[in-house]
Amino acid sequence: MSRPLIADIDLDALRRNYCLARDQAPHSRAMAVVKADAYGHGAVACADALRDLAPAFAVACLEEALTLREAGITQPIVLLEGFFDAAELPLIDAHRLWTAVHSDWQIDALLAYRPRQPIPTWLKLDSGMHRLGFAPEAFEARWQRLAAATEHVTDLHLMTHFATADALDAAYFRRQMACIASLRQRLEAPVCLANSPATLAWPEAHGDWNRPGVMLYGSDPLEGANDASRALEPVMTLRSEIIAVRELAEGEAVGYGGRWRASRPSRIGVVAGGYGDGYDRHARDGTPVLVEGQRVPLAGKVSMDMLTVDLTELPEAGIGSPVVLWGEGLPIDEVARHCDTISYTLMTGVLPRVPRRYRNAETG
């Protein structure tokens, strides 16, 4: 009998979320972002499930791209942070990867390298995120330099990233869009702009390519949900079971530090799963957990391998009762709010010791 904690991955839900992203922007192409091991879901399995739908994939680095190539993924793969060393260029060339370029040293390296075929290149504009890319006043000169280097570069695109596309206050988003529009028009540049929130909520940001990421995995990235984001389906359900039940008298404490104390005679269920698996240790008392399909509150600090819930109002629950920590019936975004974090950290934080069980793989 193995430990009951598993990450249940519904690949049909992934495909439906991708189709929703694609359908939000019918005049754009939607690459599937599968960086960080597909946000903790398994990059190879997710890319394989989307191979008949997605015309391209996006990852953070060369190592992630090579993992997909070794698994037989043949679609274009974009390196969203580009290359970190000029020594990566022969592999980028050999595997026909597309690369972002955000710094002068990368341009110099790209133009010094003699590829077998010109390398598809996406030039990063810093339109206001202030992480990577060229400032608007410096962008055009770099664009013209790359556009002229036809033996080295092909399929040149303008790309950028939004800082606040998820927010209800649109002022900063509109400032970024105004910056982009000016350069886009002047250069007649094909563009890749929209992340998940912009794909869902900002049609004016839909470009030649869009980059849906976290929405593919069923998390709503918007501060204010809309009809499209409400239709997203959870892909990962983190499942476990009750492995022990304790009866506590009024006033007795549970867990490290005794943070939670029984305000009445209470039944406490112990769940296999803790921060050593990726469940956030910052989860507050009252964080919802599903037991037997019913909501019960977290009671006490999360331990490395276990967490405890209050079963007092659920007398039918006991050892072996099924538990959902997030996913089907319990949105990961809601759990994340109780942990003072975001869904991304929960998804990507599920550790390798948690087995992934893939459903509906055969239809991919």
# chains A, B, ... in the order shown; residues from 1 in each chain; ligands from 1
>>> residues_around(residues="stretch 76-87 of chain A", least_positions_apart="5", cutoff="7 Å", atoms="only C-alpha atoms", output="MDAnalysis selection string")
chainID A and resid 56:62 65 97:101 109
>>> residues_around(residues="A:Val214", least_positions_apart="2", cutoff="12 Å", atoms="only C-alpha atoms", output="VMD selection string")
chain A and resid 14 17 to 18 21 32 to 36 38 to 41 166 195 to 200 211 to 212 216 to 222 229 232 to 236 332 to 333 342 to 348
>>> closest_residue(among="A:Ala165, A:Leu330, A:Leu125, A:Ala225", to="A:Leu183", atoms="only C-alpha atoms")
A:Leu125
>>> select_by_dssp(residues="stretch 51-235 of chain A", states="helix (DSSP H, G or I)", output="PyMOL selection string")
chain A and resi 62-70+86-94+104-112+136-147+171-187+196-201+203-205+214-217+227-230
>>> residues_around(residues="A:Ala45", least_positions_apart="4", cutoff="9 Å", atoms="only C-alpha atoms", output="list in words")
Leu11, Ala38, His41, Ala49, Leu50, Tyr358 and Ala361 of chain A
>>> write_last_selection(atoms="N, CA and C atoms", output="CSV table (one decimal), in the first residue's frame")
chain,number,residue,atom,x,y,z
A,11,LEU,N,-5.6,15.6,-18.6
A,11,LEU,CA,-5.1,16.1,-19.8
A,11,LEU,C,-6.2,16.6,-20.7
A,38,ALA,N,6.0,22.6,-17.1
A,38,ALA,CA,4.5,22.8,-17.4
A,38,ALA,C,3.9,23.2,-16.0
A,41,HIS,N,3.1,20.4,-13.8
A,41,HIS,CA,2.2,19.4,-14.3
A,41,HIS,C,2.9,18.3,-15.1
A,49,ALA,N,0.2,16.0,-24.9
A,49,ALA,CA,-1.2,16.1,-25.0
A,49,ALA,C,-1.7,17.2,-25.9
A,50,LEU,N,-0.8,18.2,-26.1
A,50,LEU,CA,-1.2,19.4,-26.9
A,50,LEU,C,-0.6,19.4,-28.3
A,358,TYR,N,-1.6,10.6,-14.8
A,358,TYR,CA,-2.2,11.3,-16.0
A,358,TYR,C,-3.4,10.6,-16.4
A,361,ALA,N,-4.7,10.5,-21.4
A,361,ALA,CA,-3.5,10.7,-22.2
A,361,ALA,C,-3.7,10.1,-23.6
>>> select_by_dssp(residues="stretch 148-269 of chain A", states="strand (DSSP E)", output="PyMOL selection string")
chain A and resi 153-159+191-192+209-210+236-248+253-254+260-261+266-269
>>> write_last_selection(atoms="N, CA, C and O atoms", output="compact mmCIF listing (two decimals), in the first residue's frame")
# COMPACT_ATOMS: atom_id res chain seq x y z
N VAL A 153 19.35 35.90 -38.99
CA VAL A 153 18.07 36.08 -38.30
C VAL A 153 16.93 35.97 -39.30
O VAL A 153 17.02 36.48 -40.42
N THR A 154 15.85 35.32 -38.87
CA THR A 154 14.64 35.27 -39.67
C THR A 154 13.43 35.42 -38.76
O THR A 154 13.55 35.33 -37.53
N ASP A 155 12.28 35.68 -39.37
CA ASP A 155 11.01 35.71 -38.64
C ASP A 155 11.08 36.62 -37.41
O ASP A 155 10.65 36.27 -36.32
N LEU A 156 11.62 37.82 -37.60
CA LEU A 156 11.82 38.76 -36.50
C LEU A 156 10.47 39.25 -35.97
O LEU A 156 9.62 39.69 -36.75
N HIS A 157 10.29 39.16 -34.66
CA HIS A 157 9.07 39.60 -33.99
C HIS A 157 9.43 40.57 -32.87
O HIS A 157 10.51 40.50 -32.29
N LEU A 158 8.48 41.43 -32.56
CA LEU A 158 8.53 42.26 -31.35
C LEU A 158 7.77 41.51 -30.27
O LEU A 158 6.63 41.10 -30.47
N MET A 159 8.41 41.34 -29.12
CA MET A 159 7.70 40.75 -27.99
C MET A 159 7.88 41.63 -26.75
O MET A 159 8.86 42.37 -26.63
N VAL A 191 3.96 40.80 -33.82
CA VAL A 191 4.13 40.92 -32.38
C VAL A 191 3.63 39.69 -31.64
O VAL A 191 2.74 38.97 -32.08
N CYS A 192 4.22 39.49 -30.45
CA CYS A 192 3.74 38.53 -29.46
C CYS A 192 3.67 39.29 -28.14
O CYS A 192 4.70 39.63 -27.56
N TRP A 209 1.08 36.23 -32.35
CA TRP A 209 1.15 35.13 -31.40
C TRP A 209 0.70 35.61 -30.03
O TRP A 209 0.91 36.77 -29.67
N ASN A 210 0.07 34.72 -29.27
CA ASN A 210 -0.21 34.93 -27.85
C ASN A 210 0.52 33.85 -27.05
O ASN A 210 0.88 32.80 -27.60
N MET A 236 -4.69 20.04 -12.45
CA MET A 236 -4.11 19.27 -11.34
C MET A 236 -5.07 19.23 -10.16
O MET A 236 -5.53 20.27 -9.69
N THR A 237 -5.36 18.02 -9.70
CA THR A 237 -6.05 17.84 -8.43
C THR A 237 -5.11 17.11 -7.49
O THR A 237 -4.68 15.99 -7.78
N LEU A 238 -4.77 17.76 -6.41
CA LEU A 238 -3.88 17.17 -5.41
C LEU A 238 -4.74 16.38 -4.43
O LEU A 238 -5.50 16.96 -3.65
N ARG A 239 -4.62 15.04 -4.50
CA ARG A 239 -5.50 14.16 -3.74
C ARG A 239 -4.73 13.42 -2.64
O ARG A 239 -3.56 13.09 -2.82
N SER A 240 -5.42 13.15 -1.55
CA SER A 240 -4.84 12.34 -0.50
C SER A 240 -5.97 11.64 0.26
O SER A 240 -7.09 11.51 -0.25
N GLU A 241 -5.65 11.19 1.47
CA GLU A 241 -6.64 10.53 2.32
C GLU A 241 -6.38 10.90 3.78
O GLU A 241 -5.28 11.31 4.15
N ILE A 242 -7.42 10.69 4.58
CA ILE A 242 -7.27 10.76 6.04
C ILE A 242 -6.54 9.49 6.49
O ILE A 242 -6.94 8.38 6.14
N ILE A 243 -5.44 9.66 7.25
CA ILE A 243 -4.67 8.50 7.71
C ILE A 243 -4.80 8.26 9.21
O ILE A 243 -4.36 7.22 9.70
N ALA A 244 -5.39 9.21 9.93
CA ALA A 244 -5.61 9.03 11.37
C ALA A 244 -6.66 10.03 11.82
O ALA A 244 -6.86 11.08 11.19
N VAL A 245 -7.35 9.70 12.91
CA VAL A 245 -8.35 10.60 13.50
C VAL A 245 -8.07 10.68 15.00
O VAL A 245 -7.84 9.66 15.65
N ARG A 246 -8.08 11.90 15.52
CA ARG A 246 -7.85 12.12 16.96
C ARG A 246 -9.07 12.83 17.55
O ARG A 246 -9.69 13.68 16.90
N GLU A 247 -9.39 12.46 18.78
CA GLU A 247 -10.47 13.11 19.54
C GLU A 247 -9.82 14.06 20.54
O GLU A 247 -8.99 13.65 21.36
N LEU A 248 -10.18 15.34 20.47
CA LEU A 248 -9.58 16.35 21.33
C LEU A 248 -10.64 16.96 22.25
O LEU A 248 -11.77 17.22 21.83
N ALA A 253 -4.56 21.58 21.96
CA ALA A 253 -3.93 22.18 20.79
C ALA A 253 -3.51 21.11 19.80
O ALA A 253 -3.36 19.94 20.14
N VAL A 254 -3.31 21.57 18.56
CA VAL A 254 -2.88 20.68 17.48
C VAL A 254 -1.63 21.25 16.82
O VAL A 254 -1.57 22.45 16.52
N TRP A 260 -3.47 26.19 16.76
CA TRP A 260 -4.92 25.96 16.77
C TRP A 260 -5.32 25.25 18.06
O TRP A 260 -4.69 24.25 18.45
N ARG A 261 -6.33 25.75 18.72
CA ARG A 261 -6.85 25.12 19.93
C ARG A 261 -8.33 24.85 19.78
O ARG A 261 -9.07 25.68 19.23
N SER A 266 -13.53 18.13 19.79
CA SER A 266 -13.30 18.16 18.34
C SER A 266 -12.71 16.85 17.83
O SER A 266 -12.00 16.15 18.55
N ARG A 267 -13.03 16.55 16.57
CA ARG A 267 -12.41 15.43 15.86
C ARG A 267 -11.41 16.01 14.86
O ARG A 267 -11.77 16.84 14.02
N ILE A 268 -10.19 15.57 14.93
CA ILE A 268 -9.13 16.06 14.05
C ILE A 268 -8.71 14.94 13.10
O ILE A 268 -8.39 13.83 13.56
N GLY A 269 -8.70 15.24 11.82
CA GLY A 269 -8.23 14.29 10.83
C GLY A 269 -6.81 14.63 10.39
O GLY A 269 -6.48 15.81 10.18
>>> atom_distance(atom1="atom CA of A:His282", atom2="atom CA of A:Ala336")
9.7 Å
>>> closest_residue(among="A:His152, A:Leu111, A:His161, A:Val323", to="A:Ala205", atoms="only C-alpha atoms")
A:His161
>>> residues_around(residues="A:Asp280", least_positions_apart="3", cutoff="10 Å", atoms="only C-alpha atoms", output="list in words")
Gly274, Tyr275, Gly276, Asp277, Ala283, Arg284, Lys301, Val302, Ser303, Met304, Val335, Ala336, His338, Cys339, Asp340, Thr341, Thr345, Leu346, Gly349 and Val350 of chain A
>>> residues_around(residues="A:Gln24", least_positions_apart="5", cutoff="10 Å", atoms="only C-alpha atoms", output="PyMOL selection string")
chain A and resi 19+30+199-203+206+228
>>> residues_around(residues="A:Met129", least_positions_apart="5", cutoff="9 Å", atoms="only C-alpha atoms", output="list in words")
Thr160, His161, Phe162, Ala163, Thr164 and Gln176 of chain A
>>> residues_around(residues="A:Leu66", least_positions_apart="2", cutoff="10 Å", atoms="only C-alpha atoms", output="MDAnalysis selection string")
chainID A and resid 61:64 68:73 77 91:92 95 97
>>> write_last_selection(atoms="all heavy atoms", output="compact mmCIF listing (two decimals), in the first residue's frame")
# COMPACT_ATOMS: atom_id res chain seq x y z
N CYS A 61 14.23 28.16 -20.95
CA CYS A 61 15.66 27.98 -21.18
C CYS A 61 15.92 26.80 -22.10
O CYS A 61 15.02 25.99 -22.38
CB CYS A 61 16.39 27.78 -19.85
SG CYS A 61 15.80 26.34 -18.92
N LEU A 62 17.16 26.70 -22.56
CA LEU A 62 17.56 25.66 -23.50
C LEU A 62 17.32 24.26 -22.93
O LEU A 62 16.85 23.36 -23.64
CB LEU A 62 19.04 25.84 -23.85
CG LEU A 62 19.66 24.80 -24.79
CD1 LEU A 62 18.98 24.80 -26.15
CD2 LEU A 62 21.16 25.04 -24.93
N GLU A 63 17.65 24.05 -21.66
CA GLU A 63 17.50 22.72 -21.07
C GLU A 63 16.05 22.24 -21.16
O GLU A 63 15.80 21.06 -21.44
CB GLU A 63 17.97 22.73 -19.61
CG GLU A 63 19.47 22.93 -19.44
CD GLU A 63 19.91 24.39 -19.52
OE1 GLU A 63 19.04 25.29 -19.69
OE2 GLU A 63 21.13 24.64 -19.41
N GLU A 64 15.11 23.15 -20.90
CA GLU A 64 13.70 22.77 -21.00
C GLU A 64 13.33 22.43 -22.44
O GLU A 64 12.56 21.49 -22.69
CB GLU A 64 12.82 23.91 -20.47
CG GLU A 64 12.94 24.12 -18.96
CD GLU A 64 12.04 25.22 -18.44
OE1 GLU A 64 11.65 26.12 -19.22
OE2 GLU A 64 11.70 25.17 -17.24
N LEU A 68 12.01 18.60 -24.30
CA LEU A 68 10.89 18.38 -25.21
C LEU A 68 11.34 17.76 -26.53
O LEU A 68 10.69 16.86 -27.06
CB LEU A 68 10.16 19.70 -25.47
CG LEU A 68 9.50 20.37 -24.27
CD1 LEU A 68 8.76 21.63 -24.70
CD2 LEU A 68 8.53 19.42 -23.57
N ARG A 69 12.45 18.24 -27.06
CA ARG A 69 12.96 17.67 -28.31
C ARG A 69 13.29 16.19 -28.13
O ARG A 69 12.98 15.35 -28.99
CB ARG A 69 14.19 18.44 -28.77
CG ARG A 69 13.88 19.80 -29.40
CD ARG A 69 13.27 19.62 -30.79
NE ARG A 69 13.14 20.90 -31.48
CZ ARG A 69 11.97 21.54 -31.64
NH1 ARG A 69 10.85 21.02 -31.15
NH2 ARG A 69 11.92 22.69 -32.29
N GLU A 70 13.92 15.85 -27.02
CA GLU A 70 14.28 14.44 -26.76
C GLU A 70 13.04 13.57 -26.62
O GLU A 70 13.11 12.36 -26.87
CB GLU A 70 15.15 14.36 -25.50
CG GLU A 70 16.55 14.92 -25.70
CD GLU A 70 17.27 15.21 -24.39
OE1 GLU A 70 16.71 14.87 -23.32
OE2 GLU A 70 18.37 15.79 -24.44
N ALA A 71 11.92 14.16 -26.24
CA ALA A 71 10.66 13.42 -26.11
C ALA A 71 9.89 13.37 -27.42
O ALA A 71 8.78 12.82 -27.46
CB ALA A 71 9.80 14.05 -25.02
N GLY A 72 10.44 13.95 -28.49
CA GLY A 72 9.80 13.85 -29.80
C GLY A 72 8.89 15.01 -30.16
O GLY A 72 8.14 14.92 -31.14
N ILE A 73 8.94 16.10 -29.39
CA ILE A 73 8.14 17.29 -29.73
C ILE A 73 8.86 18.03 -30.86
O ILE A 73 10.00 18.46 -30.71
CB ILE A 73 7.95 18.20 -28.51
CG1 ILE A 73 7.22 17.44 -27.39
CG2 ILE A 73 7.22 19.48 -28.89
CD1 ILE A 73 5.84 16.95 -27.75
N ILE A 77 9.83 25.81 -30.66
CA ILE A 77 9.91 26.06 -29.23
C ILE A 77 10.63 27.38 -29.04
O ILE A 77 11.76 27.56 -29.53
CB ILE A 77 10.66 24.95 -28.48
CG1 ILE A 77 9.98 23.59 -28.70
CG2 ILE A 77 10.73 25.27 -26.98
CD1 ILE A 77 10.76 22.41 -28.14
N LEU A 91 23.37 24.52 -30.35
CA LEU A 91 22.23 23.67 -30.04
C LEU A 91 20.92 24.32 -30.44
O LEU A 91 19.99 23.65 -30.92
CB LEU A 91 22.22 23.33 -28.54
CG LEU A 91 23.23 22.27 -28.09
CD1 LEU A 91 23.27 22.19 -26.58
CD2 LEU A 91 22.89 20.92 -28.70
N ILE A 92 20.81 25.62 -30.26
CA ILE A 92 19.63 26.34 -30.74
C ILE A 92 19.48 26.17 -32.24
O ILE A 92 18.38 25.90 -32.76
CB ILE A 92 19.73 27.83 -30.35
CG1 ILE A 92 19.59 27.99 -28.83
CG2 ILE A 92 18.68 28.66 -31.07
CD1 ILE A 92 19.89 29.39 -28.32
N HIS A 95 18.63 22.35 -33.21
CA HIS A 95 17.28 21.90 -32.85
C HIS A 95 16.20 22.85 -33.36
O HIS A 95 15.04 22.68 -32.99
CB HIS A 95 17.19 21.72 -31.34
CG HIS A 95 17.98 20.56 -30.83
ND1 HIS A 95 17.53 19.26 -30.89
CD2 HIS A 95 19.23 20.49 -30.29
CE1 HIS A 95 18.44 18.44 -30.38
NE2 HIS A 95 19.48 19.16 -30.01
N LEU A 97 15.37 25.91 -32.71
CA LEU A 97 14.65 26.64 -31.67
C LEU A 97 14.53 28.11 -32.06
O LEU A 97 15.32 28.63 -32.85
CB LEU A 97 15.37 26.51 -30.33
CG LEU A 97 15.63 25.08 -29.86
CD1 LEU A 97 16.43 25.08 -28.57
CD2 LEU A 97 14.32 24.31 -29.67
>>> atom_distance(atom1="atom CA of A:Pro90", atom2="atom CA of A:Pro115")
7.5 Å
>>> closest_residue(among="A:Pro120, A:Trp326, A:Gly273, A:Thr67", to="A:Arg353", atoms="only C-alpha atoms")
A:Gly273
>>> atom_distance(atom1="atom CA of A:Asn226", atom2="atom CA of A:Cys46")
25.5 Å
